[in-house]
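S.K.: One structure follows; several queries about it will come next.
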Amino acid sequence: MESLDSLDRKILFEMDKNSRQSISQLAKKLKKNRNVVQYRIKSLEQKGIIKKYVATLDPGALGLTAWNVYLEFQNLNPDIEQRIIEFLNKRKNVWWIALTTGRWNLIYSIVVKNVKDFYYTVRGFNEQFGSYILNQSLASHVEIDIFSRSYLVDSESDCSPWFKTYDKVHLNDSDRYILKKIATNARLSSVDLALSLDMTSTTVSRRIKELVKRGVIAKFRLFLDVSKYGYTYYKILVHLKNISEHGDKELKEYCRKLGNIFHYEKKIGPWMLELEMDELNYANVYHSMKRMKETFPQYISSFEIMIIYQEYKGEMDLSTVL
């Protein structure tokens, strides 16, 4: 396990808020020498804490919807599990694959143009591996709020909306190329992008800003391995009752202030809310969720805690399905 000092934590916090900002901008915020900040970032990469720099794209702005598929397996062995992972990895519209503990063994997320595409995607998987599926559940993404990881520093979490719109934005070929490149490499410079396009780096920078403004790019963030510094990645399925705008607003603000919840996900499915958090151990998660349920007894019916112990995909390269 790697230890993080105050500077490491501040760097992770700031870069998870905007992983595309320059080293100079970051050094100025942190009041540190540029070379020191650059060295620390390289060290965090080498330690495996920072896995990737990703641009979080909004499917709704691209005319797509996103779904999760939750699977409980039977009669599974390591060879079959590996075949399943390889099968899903090859699907261009699968953007997240995770192995979990608890009731569900695997979750995969897909983006599709319509519910018919979703049906045939799921059916294609089941045709290959249906004999190993004991239970399956489906849920559609409605809206997600991304909270900054304020547990890393003594600071307030901010909130960035994701899946904000379902109004399709027109993209030209240059836009698509830029999105394809920065979706999984958010720190790719405008100069390098311009070399592959017949335009200046200033024009590329302007196009990226426009894609952010139009909601195609929701956020530049980090793909972290929190286990490297002693935390565990948890997903909590929250069953709600008496659903209301007021209840949602109060619960979301409560979650934001906790500091270690980084996703507040509204869903349509067997449960209506999912939370994702970093925490040191299961007991802390359970007590945190127990307090939450006691604070909102008229709104939270029950919850299920899962550990995400292995991610095989974690970035949404929507350019491959446009």
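Identifiers for the structure tokens are assigned positionally: chains receive A, B, ... in sequence, residues are indexed from 1 per chain, and ligands are indexed from 1 in the order shown.
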Write out as a VMD selection string which residues come within 8 Å of Ile208 of chain A when counting only C-alpha atoms, dropping same-chain ones fewer than 4 positions away.
M.R.: chain A and resid 178 204 212
S.K.: Could you write those residues out with N, CA and C atoms, as a CSV table (one decimal), in the first residue's frame?
M.R.:
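Result written to part10.csv:
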```csv
chain,number,residue,atom,x,y,z
A,178,ILE,N,-11.4,14.4,-32.3
A,178,ILE,CA,-11.0,14.9,-31.0
A,178,ILE,C,-11.5,14.1,-29.9
A,204,VAL,N,-8.1,23.8,-32.2
A,204,VAL,CA,-8.4,22.6,-31.4
A,204,VAL,C,-8.9,22.9,-30.0
A,212,VAL,N,-17.2,21.1,-24.4
A,212,VAL,CA,-17.6,21.2,-23.0
A,212,VAL,C,-18.8,22.0,-22.8
```
S.K.: What parts of segment 63-204 of chain A does DSSP call strand (DSSP E)? I'd like the answer as a VMD selection string.
M.R.: chain A and resid 65 to 73 94 to 100 106 to 112 133 to 147 159 to 162
S.K.: Please save N, CA and C atoms of the selected residues as a short mmCIF file (atom, residue, chain, number, x, y, z; two decimals), in the first residue's frame.
M.R.:
```
data_model
loop_
_atom_site.label_atom_id
_atom_site.label_comp_id
_atom_site.auth_asym_id
_atom_site.auth_seq_id
_atom_site.Cartn_x
_atom_site.Cartn_y
_atom_site.Cartn_z
N THR A 65 -28.41 6.25 -25.10
CA THR A 65 -28.80 5.98 -23.72
C THR A 65 -27.84 4.96 -23.13
N ALA A 66 -27.75 4.93 -21.81
CA ALA A 66 -26.81 4.02 -21.14
C ALA A 66 -27.56 3.12 -20.16
N TRP A 67 -27.11 1.88 -20.08
CA TRP A 67 -27.73 0.87 -19.24
C TRP A 67 -26.67 0.08 -18.49
N ASN A 68 -27.08 -0.44 -17.33
CA ASN A 68 -26.27 -1.41 -16.59
C ASN A 68 -26.94 -2.77 -16.63
N VAL A 69 -26.12 -3.81 -16.74
CA VAL A 69 -26.59 -5.19 -16.65
C VAL A 69 -25.88 -5.83 -15.46
N TYR A 70 -26.66 -6.39 -14.53
CA TYR A 70 -26.13 -7.00 -13.31
C TYR A 70 -26.34 -8.51 -13.41
N LEU A 71 -25.28 -9.25 -13.17
CA LEU A 71 -25.34 -10.70 -13.37
C LEU A 71 -24.91 -11.46 -12.13
N GLU A 72 -25.70 -12.47 -11.79
CA GLU A 72 -25.32 -13.46 -10.79
C GLU A 72 -25.10 -14.77 -11.53
N PHE A 73 -23.92 -15.38 -11.35
CA PHE A 73 -23.55 -16.55 -12.12
C PHE A 73 -23.74 -17.84 -11.33
N VAL A 94 -19.75 -1.54 -25.01
CA VAL A 94 -19.58 -1.82 -23.58
C VAL A 94 -18.47 -0.90 -23.07
N TRP A 95 -18.80 -0.06 -22.09
CA TRP A 95 -17.80 0.91 -21.63
C TRP A 95 -17.35 0.70 -20.19
N TRP A 96 -18.00 -0.18 -19.44
CA TRP A 96 -17.55 -0.45 -18.08
C TRP A 96 -17.80 -1.92 -17.77
N ILE A 97 -16.80 -2.58 -17.21
CA ILE A 97 -16.92 -3.98 -16.79
C ILE A 97 -16.30 -4.10 -15.42
N ALA A 98 -17.03 -4.67 -14.47
CA ALA A 98 -16.51 -4.77 -13.11
C ALA A 98 -16.95 -6.08 -12.47
N LEU A 99 -16.03 -6.68 -11.72
CA LEU A 99 -16.36 -7.84 -10.89
C LEU A 99 -16.68 -7.34 -9.49
N THR A 100 -17.68 -7.95 -8.87
CA THR A 100 -18.18 -7.45 -7.59
C THR A 100 -18.38 -8.57 -6.58
N LEU A 106 -21.01 -9.69 -11.47
CA LEU A 106 -20.44 -8.86 -12.53
C LEU A 106 -21.46 -7.83 -12.98
N ILE A 107 -20.95 -6.63 -13.28
CA ILE A 107 -21.78 -5.57 -13.85
C ILE A 107 -21.10 -5.09 -15.12
N TYR A 108 -21.89 -4.93 -16.19
CA TYR A 108 -21.33 -4.25 -17.36
C TYR A 108 -22.30 -3.16 -17.81
N SER A 109 -21.72 -2.09 -18.33
CA SER A 109 -22.48 -0.92 -18.77
C SER A 109 -22.35 -0.79 -20.28
N ILE A 110 -23.46 -0.45 -20.92
CA ILE A 110 -23.44 -0.32 -22.37
C ILE A 110 -24.16 0.96 -22.79
N VAL A 111 -23.79 1.47 -23.95
CA VAL A 111 -24.49 2.61 -24.54
C VAL A 111 -25.12 2.15 -25.85
N VAL A 112 -26.35 2.59 -26.09
CA VAL A 112 -27.09 2.16 -27.28
C VAL A 112 -27.91 3.32 -27.82
N ILE A 133 -25.83 -17.98 -16.26
CA ILE A 133 -26.54 -16.88 -15.61
C ILE A 133 -27.64 -17.43 -14.71
N LEU A 134 -27.53 -17.17 -13.41
CA LEU A 134 -28.56 -17.57 -12.47
C LEU A 134 -29.62 -16.49 -12.34
N ASN A 135 -29.17 -15.23 -12.23
CA ASN A 135 -30.08 -14.09 -12.15
C ASN A 135 -29.50 -12.92 -12.94
N GLN A 136 -30.40 -12.12 -13.47
CA GLN A 136 -30.00 -10.95 -14.24
C GLN A 136 -30.93 -9.79 -13.92
N SER A 137 -30.37 -8.59 -13.82
CA SER A 137 -31.19 -7.41 -13.61
C SER A 137 -30.69 -6.30 -14.51
N LEU A 138 -31.60 -5.40 -14.89
CA LEU A 138 -31.29 -4.33 -15.84
C LEU A 138 -31.72 -3.00 -15.25
N ALA A 139 -30.91 -1.96 -15.49
CA ALA A 139 -31.27 -0.63 -15.02
C ALA A 139 -30.74 0.41 -15.99
N SER A 140 -31.54 1.42 -16.24
CA SER A 140 -31.16 2.49 -17.16
C SER A 140 -30.64 3.69 -16.39
N HIS A 141 -29.58 4.31 -16.90
CA HIS A 141 -29.10 5.57 -16.33
C HIS A 141 -30.08 6.69 -16.67
N VAL A 142 -30.39 7.50 -15.69
CA VAL A 142 -31.25 8.65 -15.91
C VAL A 142 -30.44 9.95 -15.79
N GLU A 143 -29.75 10.08 -14.68
CA GLU A 143 -28.96 11.28 -14.40
C GLU A 143 -27.92 10.94 -13.35
N ILE A 144 -26.72 11.46 -13.51
CA ILE A 144 -25.64 11.20 -12.55
C ILE A 144 -25.01 12.52 -12.14
N ASP A 145 -24.73 12.64 -10.85
CA ASP A 145 -23.95 13.77 -10.35
C ASP A 145 -22.60 13.23 -9.89
N ILE A 146 -21.53 13.86 -10.36
CA ILE A 146 -20.17 13.49 -9.98
C ILE A 146 -19.71 14.44 -8.89
N PHE A 147 -19.39 13.89 -7.72
CA PHE A 147 -18.86 14.70 -6.62
C PHE A 147 -17.35 14.56 -6.57
N CYS A 159 -19.92 19.60 -7.42
CA CYS A 159 -20.82 18.68 -8.12
C CYS A 159 -20.82 19.00 -9.61
N SER A 160 -20.64 17.96 -10.43
CA SER A 160 -20.70 18.11 -11.88
C SER A 160 -21.76 17.17 -12.43
N PRO A 161 -22.74 17.69 -13.17
CA PRO A 161 -23.78 16.82 -13.73
C PRO A 161 -23.28 16.01 -14.91
N TRP A 162 -23.73 14.78 -14.98
CA TRP A 162 -23.42 13.88 -16.09
C TRP A 162 -24.76 13.28 -16.53
#
```
S.K.: Could you find all residues in segment 150-238 of chain A that DSSP calls alpha helix (DSSP H) from the backbone, and write them as a PyMOL selection string?
M.R.: chain A and resi 173-182+190-196+201-213
S.K.: Using only C-alpha atoms, determine which residues lie at most 9 Å from segment 167-169 of chain A, disregarding the query and same-chain residues fewer than 3 positions distant; provide the list as a compact mmCIF listing (two decimals) with C-alpha atoms, in the first residue's frame.
M.R.:
```
# COMPACT_ATOMS: atom_id res chain seq x y z
CA PRO A 59 -24.22 9.82 -24.03
CA GLY A 60 -27.43 11.88 -24.10
CA ALA A 61 -25.73 14.69 -26.00
CA LEU A 62 -24.73 12.10 -28.61
CA GLY A 63 -28.18 10.59 -29.03
CA LEU A 64 -27.44 7.54 -26.89
CA ARG A 214 -22.42 22.08 -25.46
CA GLY A 215 -22.38 19.31 -22.86
CA VAL A 216 -20.72 16.62 -24.97
```
S.K.: When you look at Val36 of chain A with a cut-off of 12 Å (counting only C-alpha atoms), what residues show up, excluding the ones that are within fewer than 6 positions of it in the same chain? I need them as a ChimeraX atom specification.
M.R.: /A:7-8,11,23-24,26-28,30,42-43
S.K.: As a PyMOL selection string, please: the residues near segment 226-235 of chain A (cut-off 8 Å, only C-alpha atoms, same-chain neighbours under 3 positions excluded).
M.R.: chain A and resi 1-4+47-49+274-281+305-309
S.K.: Could you save those same residues with N, CA and C atoms as a CSV table (one decimal), in the first residue's frame?
M.R.:
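Written out: selection_35.csv:
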```
chain,number,residue,atom,x,y,z
A,1,MET,N,0.8,-1.2,0.0
A,1,MET,CA,0.0,0.0,0.0
A,1,MET,C,0.9,1.2,0.0
A,2,GLU,N,0.5,2.2,-0.8
A,2,GLU,CA,1.3,3.4,-1.0
A,2,GLU,C,0.7,4.5,0.0
A,3,SER,N,1.6,5.3,0.6
A,3,SER,CA,1.2,6.3,1.5
A,3,SER,C,1.1,7.6,0.7
A,4,LEU,N,0.2,8.5,1.0
A,4,LEU,CA,0.0,9.7,0.4
A,4,LEU,C,0.2,10.9,1.4
A,47,LYS,N,3.2,4.4,-9.5
A,47,LYS,CA,2.7,3.6,-8.5
A,47,LYS,C,1.3,3.0,-8.8
A,48,GLY,N,0.8,3.3,-9.9
A,48,GLY,CA,-0.5,2.8,-10.4
A,48,GLY,C,-1.7,3.4,-9.7
A,49,ILE,N,-1.5,4.5,-9.0
A,49,ILE,CA,-2.7,5.2,-8.4
A,49,ILE,C,-3.5,5.9,-9.5
A,274,GLU,N,-28.2,4.6,-7.2
A,274,GLU,CA,-26.9,3.9,-6.8
A,274,GLU,C,-25.9,5.0,-6.4
A,275,LEU,N,-25.2,4.6,-5.4
A,275,LEU,CA,-24.1,5.5,-4.9
A,275,LEU,C,-22.8,4.7,-5.1
A,276,GLU,N,-21.7,5.5,-5.4
A,276,GLU,CA,-20.4,4.9,-5.5
A,276,GLU,C,-19.5,5.7,-4.5
A,277,MET,N,-18.7,5.0,-3.7
A,277,MET,CA,-17.9,5.7,-2.7
A,277,MET,C,-16.6,5.0,-2.5
A,278,ASP,N,-15.6,5.7,-2.1
A,278,ASP,CA,-14.3,5.2,-1.6
A,278,ASP,C,-14.4,5.1,-0.1
A,279,GLU,N,-13.9,4.0,0.5
A,279,GLU,CA,-13.9,3.9,1.9
A,279,GLU,C,-12.8,2.9,2.4
A,280,LEU,N,-12.4,3.0,3.6
A,280,LEU,CA,-11.3,2.2,4.1
A,280,LEU,C,-11.7,0.8,4.4
A,281,ASN,N,-13.0,0.6,4.8
A,281,ASN,CA,-13.4,-0.8,5.1
A,281,ASN,C,-14.9,-0.9,5.0
A,305,ILE,N,-24.9,-3.4,-0.3
A,305,ILE,CA,-23.5,-3.0,-0.5
A,305,ILE,C,-22.7,-4.0,-1.3
A,306,MET,N,-22.0,-3.5,-2.3
A,306,MET,CA,-21.1,-4.3,-3.1
A,306,MET,C,-19.7,-3.7,-3.1
A,307,ILE,N,-18.7,-4.6,-3.2
A,307,ILE,CA,-17.3,-4.2,-3.4
A,307,ILE,C,-17.0,-4.3,-4.9
A,308,ILE,N,-16.5,-3.3,-5.5
A,308,ILE,CA,-16.0,-3.4,-6.8
A,308,ILE,C,-14.5,-3.8,-6.7
A,309,TYR,N,-14.2,-5.0,-6.9
A,309,TYR,CA,-12.8,-5.4,-6.7
A,309,TYR,C,-11.9,-5.6,-7.9
```
